[in-house]
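Beneath this line is the structure, given in structure tokens, with notes to follow.
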Amino acid sequence: MPKKCRIWHPFTQHKLAKEPLEVVSGNGTTLTLKDGRVVIDAISSWWVNLHGHCHPKIVKSIAEQAAILEHVIFAEFTHNPAELLAEKLSEILPLNNIFFSDNGSTAVEVALKIAYQYHYNLGKPKKKFYCFDGGYHGDTLGAMSVGGRSTFTLPFLNLLFEVKAFPFPQNNEEEILSQIQQAIEQEGDDIAALIIEPLVQGVAGMRFTTSDFLQKLEKILKNAGILLIYDEVMTGFGRTGEYFASTRSKTTPDILCVAKGITGGFLPLSLTCMSDQIFDAFLSSDMQKTFFHGHSYTANPLCCSAALASFELLKERRFATLEAKHQTRMEMLKQDDRLENGRVLGTIAAIDLKKGKEKGYFNEHGPKLRHLFLEHGVLMRPLGSVIYMMPPYCITDDELDHIYNSIPKVLDQL
Ligand SMILES: *Cc1c(COP(=O)(O)O)cnc(C)c1O
């Protein structure tokens, strides 16, 4: 018998990691483990699930499509699920040209390449990108280049292209805006685009900015001819309490990336959306102005059919009720003096643990917290010292109470 292949898990140090827990099934907000335990998925399985696990409407949509057309090349061909999805999403997307790929990192790579080639096609090449400290845009090289520098990126520093990262505004938005304005005055002609996670920096620890900041940023960049890229891979499809962070902040980027929630968490799919102005800059009889980029599974029909079913569920707007539910419970949690900076935006709630030497991702209590939450029947994955909840939109009041009540209990055991 050949030895079974060893599985290398993501973000995992296998020398230290415990055996992974086997999940046998999912149903609504819960997951059933092989040992029989049932846990509430308080983080939507890495922020992808919107309507609960195994939602029958999405299951049905995928199954039906699988029997009709499972996949087809998307260059010079199209199919009904992609066409229909383009039509449906135009109801909510702020931009109406879409390029398909299959995960958040590639949606960002596509955005960066399109922004770069846009200026090239106009005959005014620009070299550099602006971004923010602590940003997370994915794990491919381009996405890492515009992301925060950390332990994650250290071995690759020499491979990453040149960017300028501004401090992420924390109660000093005006100051950061004037730093950006000053930088633009010096080198604005060489800047292709600025990329930001609008309203919420996710991986950096659920750090929020205001709509006002984004509105002013949008103005500054438009005046300077610098493209604004929104990475809405996490914030898209209802997470901030509106369809998109752009909707909530009343701002419109030039390019917008979505992924995670687009299929309701069933299958990998992503979109890079752009303005007509950008699309038009690639129209030419000169082949050199073509966007030569594509992935084998581009616009896979099964993924599109999942996205179509998820969209119908999204239109029920259950995400809109979660902010108030989080807020009442967060007010209680804020009384706990082991915690600080309680904050809520849409379906996202976060609070910081005071304990621990290291703030942020590598806080020494992170792994212990994960383990303790599971013992209380909750799947949580604190970003180091940041405890956050981002449940599927179908979470019940009782389940939400259970999650919030587990926090002080876990802290008692820490
Ligand atoms: C998760 C995430 C990504 C990367 O998406 P993948 O599908 O994991 O490649 C990019 N940007 C943001 C804001 C994310 O949260």
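Each chain in the structure tokens gets a letter, A, B, ..., in the order shown, and its residues are numbered from 1; ligands are numbered from 1 in order too.
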Surrounding residues of Ile407 (chain A) excluding itself and chain neighbours under 5 positions, 9 Å, only C-alpha atoms, as a VMD selection string: chain A and resid 333 373 387 412
Test item: residues lying within 10 Å of ligand 1 with only C-alpha atoms and all ligand atoms, as an mmCIF file with N, CA and C atoms, in the first residue's frame:
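selection05.cif was written with the following content:
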data_model
loop_
_atom_site.group_PDB
_atom_site.id
_atom_site.type_symbol
_atom_site.label_atom_id
_atom_site.label_comp_id
_atom_site.auth_asym_id
_atom_site.auth_seq_id
_atom_site.Cartn_x
_atom_site.Cartn_y
_atom_site.Cartn_z
ATOM 1 N N TRP A 46 -14.046 31.364 7.675
ATOM 2 C CA TRP A 46 -13.100 32.294 7.028
ATOM 3 C C TRP A 46 -13.826 33.292 6.136
ATOM 4 N N TRP A 47 -14.975 33.770 6.645
ATOM 5 C CA TRP A 47 -15.663 34.946 6.084
ATOM 6 C C TRP A 47 -16.343 34.680 4.747
ATOM 7 N N VAL A 48 -16.546 33.424 4.397
ATOM 8 C CA VAL A 48 -17.125 33.152 3.076
ATOM 9 C C VAL A 48 -18.622 32.846 3.114
ATOM 10 N N ASP A 102 -11.052 33.419 -9.765
ATOM 11 C CA ASP A 102 -11.613 32.419 -8.851
ATOM 12 C C ASP A 102 -11.221 32.512 -7.384
ATOM 13 N N ASN A 103 -10.570 33.589 -6.981
ATOM 14 C CA ASN A 103 -10.382 33.800 -5.537
ATOM 15 C C ASN A 103 -10.009 35.261 -5.299
ATOM 16 N N GLY A 104 -9.950 35.635 -4.034
ATOM 17 C CA GLY A 104 -9.700 37.036 -3.711
ATOM 18 C C GLY A 104 -8.335 37.519 -4.180
ATOM 19 N N SER A 105 -7.321 36.666 -3.999
ATOM 20 C CA SER A 105 -5.965 37.078 -4.397
ATOM 21 C C SER A 105 -5.898 37.351 -5.894
ATOM 22 N N THR A 106 -6.518 36.489 -6.691
ATOM 23 C CA THR A 106 -6.456 36.714 -8.142
ATOM 24 C C THR A 106 -7.305 37.926 -8.535
ATOM 25 N N ALA A 107 -8.405 38.164 -7.826
ATOM 26 C CA ALA A 107 -9.204 39.363 -8.120
ATOM 27 C C ALA A 107 -8.339 40.609 -7.921
ATOM 28 N N VAL A 108 -7.492 40.571 -6.880
ATOM 29 C CA VAL A 108 -6.594 41.703 -6.613
ATOM 30 C C VAL A 108 -5.479 41.771 -7.657
ATOM 31 N N GLU A 109 -4.886 40.618 -8.000
ATOM 32 C CA GLU A 109 -3.847 40.611 -9.046
ATOM 33 C C GLU A 109 -4.389 41.234 -10.331
ATOM 34 N N GLY A 135 -2.541 46.336 5.568
ATOM 35 C CA GLY A 135 -3.524 45.856 4.590
ATOM 36 C C GLY A 135 -3.312 44.389 4.273
ATOM 37 N N TYR A 136 -4.394 43.708 3.950
ATOM 38 C CA TYR A 136 -4.287 42.316 3.494
ATOM 39 C C TYR A 136 -5.079 42.159 2.204
ATOM 40 N N HIS A 137 -4.384 41.719 1.151
ATOM 41 C CA HIS A 137 -5.041 41.601 -0.148
ATOM 42 C C HIS A 137 -4.852 40.237 -0.768
ATOM 43 N N GLY A 138 -4.278 39.298 -0.013
ATOM 44 C CA GLY A 138 -4.089 37.956 -0.533
ATOM 45 C C GLY A 138 -2.643 37.522 -0.455
ATOM 46 N N ASP A 139 -2.383 36.289 -0.880
ATOM 47 C CA ASP A 139 -1.067 35.679 -0.661
ATOM 48 C C ASP A 139 -0.248 35.479 -1.930
ATOM 49 N N THR A 140 -0.731 35.920 -3.073
ATOM 50 C CA THR A 140 0.099 35.862 -4.281
ATOM 51 C C THR A 140 1.048 37.072 -4.254
ATOM 52 N N ALA A 143 -0.417 40.684 -4.724
ATOM 53 C CA ALA A 143 -1.295 41.002 -3.594
ATOM 54 C C ALA A 143 -0.467 41.223 -2.327
ATOM 55 N N MET A 144 0.610 40.427 -2.173
ATOM 56 C CA MET A 144 1.487 40.620 -1.011
ATOM 57 C C MET A 144 2.222 41.949 -1.094
ATOM 58 N N GLY A 147 0.261 44.573 0.306
ATOM 59 C CA GLY A 147 -0.205 44.261 1.654
ATOM 60 C C GLY A 147 0.806 44.689 2.702
ATOM 61 N N ILE A 196 -7.219 49.927 -1.149
ATOM 62 C CA ILE A 196 -7.632 49.967 0.260
ATOM 63 C C ILE A 196 -8.738 48.956 0.500
ATOM 64 N N GLU A 197 -8.788 48.412 1.711
ATOM 65 C CA GLU A 197 -9.949 47.656 2.173
ATOM 66 C C GLU A 197 -10.911 48.706 2.734
ATOM 67 N N PRO A 198 -11.972 49.044 2.032
ATOM 68 C CA PRO A 198 -12.805 50.164 2.451
ATOM 69 C C PRO A 198 -13.613 49.867 3.724
ATOM 70 N N VAL A 200 -13.283 48.624 6.516
ATOM 71 C CA VAL A 200 -12.737 47.665 7.484
ATOM 72 C C VAL A 200 -11.462 47.020 6.952
ATOM 73 N N GLN A 201 -10.376 47.157 7.701
ATOM 74 C CA GLN A 201 -9.199 46.335 7.438
ATOM 75 C C GLN A 201 -9.428 45.032 8.190
ATOM 76 N N GLY A 202 -9.545 43.938 7.469
ATOM 77 C CA GLY A 202 -9.927 42.666 8.088
ATOM 78 C C GLY A 202 -8.824 41.994 8.873
ATOM 79 N N VAL A 203 -7.881 41.400 8.154
ATOM 80 C CA VAL A 203 -6.824 40.609 8.790
ATOM 81 C C VAL A 203 -6.039 41.430 9.822
ATOM 82 N N ALA A 204 -5.888 42.726 9.577
ATOM 83 C CA ALA A 204 -5.127 43.582 10.494
ATOM 84 C C ALA A 204 -5.801 43.697 11.859
ATOM 85 N N TYR A 230 -10.864 49.359 -4.621
ATOM 86 C CA TYR A 230 -11.449 48.850 -3.383
ATOM 87 C C TYR A 230 -11.309 47.330 -3.362
ATOM 88 N N ASP A 231 -10.666 46.831 -2.342
ATOM 89 C CA ASP A 231 -10.640 45.392 -2.109
ATOM 90 C C ASP A 231 -11.807 45.068 -1.183
ATOM 91 N N GLU A 232 -12.930 44.666 -1.795
ATOM 92 C CA GLU A 232 -14.123 44.311 -1.021
ATOM 93 C C GLU A 232 -14.281 42.796 -0.932
ATOM 94 N N VAL A 233 -13.166 42.096 -0.981
ATOM 95 C CA VAL A 233 -13.211 40.636 -0.904
ATOM 96 C C VAL A 233 -13.901 40.194 0.395
ATOM 97 N N MET A 234 -13.618 40.906 1.482
ATOM 98 C CA MET A 234 -14.279 40.579 2.748
ATOM 99 C C MET A 234 -15.548 41.402 2.956
ATOM 100 N N THR A 235 -15.517 42.714 2.628
ATOM 101 C CA THR A 235 -16.652 43.584 2.967
ATOM 102 C C THR A 235 -17.851 43.446 2.022
ATOM 103 N N GLY A 236 -17.656 42.782 0.878
ATOM 104 C CA GLY A 236 -18.728 42.705 -0.111
ATOM 105 C C GLY A 236 -19.908 41.840 0.315
ATOM 106 N N CYS A 257 -12.852 44.773 -6.143
ATOM 107 C CA CYS A 257 -12.629 43.320 -6.112
ATOM 108 C C CYS A 257 -13.593 42.667 -5.129
ATOM 109 N N VAL A 258 -14.256 41.614 -5.573
ATOM 110 C CA VAL A 258 -15.099 40.829 -4.657
ATOM 111 C C VAL A 258 -14.789 39.352 -4.826
ATOM 112 N N ALA A 259 -14.985 38.598 -3.763
ATOM 113 C CA ALA A 259 -14.777 37.144 -3.832
ATOM 114 C C ALA A 259 -15.572 36.493 -2.700
ATOM 115 N N LYS A 260 -14.865 36.070 -1.670
ATOM 116 C CA LYS A 260 -15.415 35.336 -0.516
ATOM 117 C C LYS A 260 -16.929 35.027 -0.542
ATOM 118 N N GLY A 261 -17.776 36.038 -0.252
ATOM 119 C CA GLY A 261 -19.198 35.750 -0.075
ATOM 120 C C GLY A 261 -19.988 35.557 -1.362
ATOM 121 N N PRO A 268 -15.424 28.544 -5.157
ATOM 122 C CA PRO A 268 -14.542 29.695 -5.372
ATOM 123 C C PRO A 268 -14.894 30.469 -6.640
ATOM 124 N N LEU A 269 -15.101 31.769 -6.470
ATOM 125 C CA LEU A 269 -15.396 32.648 -7.605
ATOM 126 C C LEU A 269 -15.057 34.067 -7.176
ATOM 127 N N SER A 270 -14.572 34.869 -8.101
ATOM 128 C CA SER A 270 -14.325 36.273 -7.761
ATOM 129 C C SER A 270 -14.525 37.149 -8.986
#
Shell of 7 Å around region 309-314 of chain A, only C-alpha atoms, local chain residues under 6 positions omitted, as a list in words: Lys57, Ile58, Ser61, Thr263 and Gly264 of chain A
Atoms kept (C-alpha atoms) for selection, written as a CSV table (one decimal), in the first residue's frame:
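Result file part.csv:
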chain,number,residue,atom,x,y,z
A,57,LYS,CA,-31.5,26.6,-2.5
A,58,ILE,CA,-27.8,26.9,-3.4
A,61,SER,CA,-28.9,25.4,-8.1
A,263,THR,CA,-21.2,32.2,-3.9
A,264,GLY,CA,-22.6,32.2,-0.4
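Closest to Gly294 (chain A) among A:His14, A:Arg149, A:Lys113, A:His55 is A:Lys113, based on only C-alpha atoms.
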Contact residues around Leu383 (chain A) with only C-alpha atoms at 12 Å, ignoring same-chain residues under 4 positions, as a PyMOL selection string: chain A and resi 43+46+201-207+350-353+358-367+369-370+387-389
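When only C-alpha atoms are used to measure the gap to Ser90 (chain A), the shortest distance among A:Leu374, A:Ala66, A:Cys273, A:Asp337 belongs to A:Cys273.
Of the residues in region 18-107 of chain A, those given alpha helix (DSSP H) by DSSP on the backbone are Ser44, Ser45, Trp46, Trp47, Pro56, Lys57, Ile58, Val59, Lys60, Ser61, Ile62, Ala63, Glu64, Gln65, Ala66, Asn80, Pro81, Ala82, Glu83, Leu84, Leu85, Ala86, Glu87, Lys88, Leu89, Gly104, Ser105, Thr106 and Ala107 of chain A.
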Distance criterion (only C-alpha atoms): nearest to Ser44 (chain A) out of A:Ile229, A:Thr347, A:Leu322, A:Ala192: A:Thr347
Near-Leu345 (chain A) list (9 Å; only C-alpha atoms; drop same-chain fewer than 3 positions) as a PyMOL selection string: chain A and resi 199-200+208+239-241+323+326-327+348-350
Serialized selection, N, CA and C atoms, as a compact mmCIF listing (two decimals), in the first residue's frame:
# COMPACT_ATOMS: atom_id res chain seq x y z
N LEU A 199 -13.63 50.80 4.62
CA LEU A 199 -14.34 50.77 5.92
C LEU A 199 -13.74 49.81 6.95
N VAL A 200 -13.28 48.62 6.52
CA VAL A 200 -12.74 47.67 7.48
C VAL A 200 -11.46 47.02 6.95
N PHE A 208 -11.52 49.89 11.72
CA PHE A 208 -12.51 50.61 10.93
C PHE A 208 -12.01 52.00 10.52
N ARG A 239 -21.62 42.41 4.19
CA ARG A 239 -20.87 42.33 5.45
C ARG A 239 -20.90 43.62 6.27
N THR A 240 -20.90 44.78 5.59
CA THR A 240 -20.88 46.04 6.35
C THR A 240 -22.29 46.57 6.62
N GLY A 241 -23.32 45.74 6.35
CA GLY A 241 -24.69 46.18 6.60
C GLY A 241 -25.35 46.78 5.36
N GLU A 323 -26.54 44.49 12.62
CA GLU A 323 -25.81 45.55 13.31
C GLU A 323 -26.44 45.87 14.67
N HIS A 326 -25.85 42.99 17.14
CA HIS A 326 -24.49 43.03 17.68
C HIS A 326 -24.38 44.14 18.72
N GLN A 327 -24.95 45.32 18.39
CA GLN A 327 -24.73 46.48 19.23
C GLN A 327 -25.24 46.29 20.66
N ILE A 348 -20.31 42.69 11.38
CA ILE A 348 -19.00 42.46 11.99
C ILE A 348 -18.94 43.10 13.37
N ALA A 349 -18.50 42.33 14.37
CA ALA A 349 -18.28 42.88 15.70
C ALA A 349 -16.92 42.43 16.19
N ALA A 350 -16.19 43.34 16.85
CA ALA A 350 -14.85 42.98 17.33
C ALA A 350 -14.57 43.68 18.64
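The two atoms in question, CA of Leu160 (chain A) and CA of Ala115 (chain A), are spaced 17.3 Å apart.
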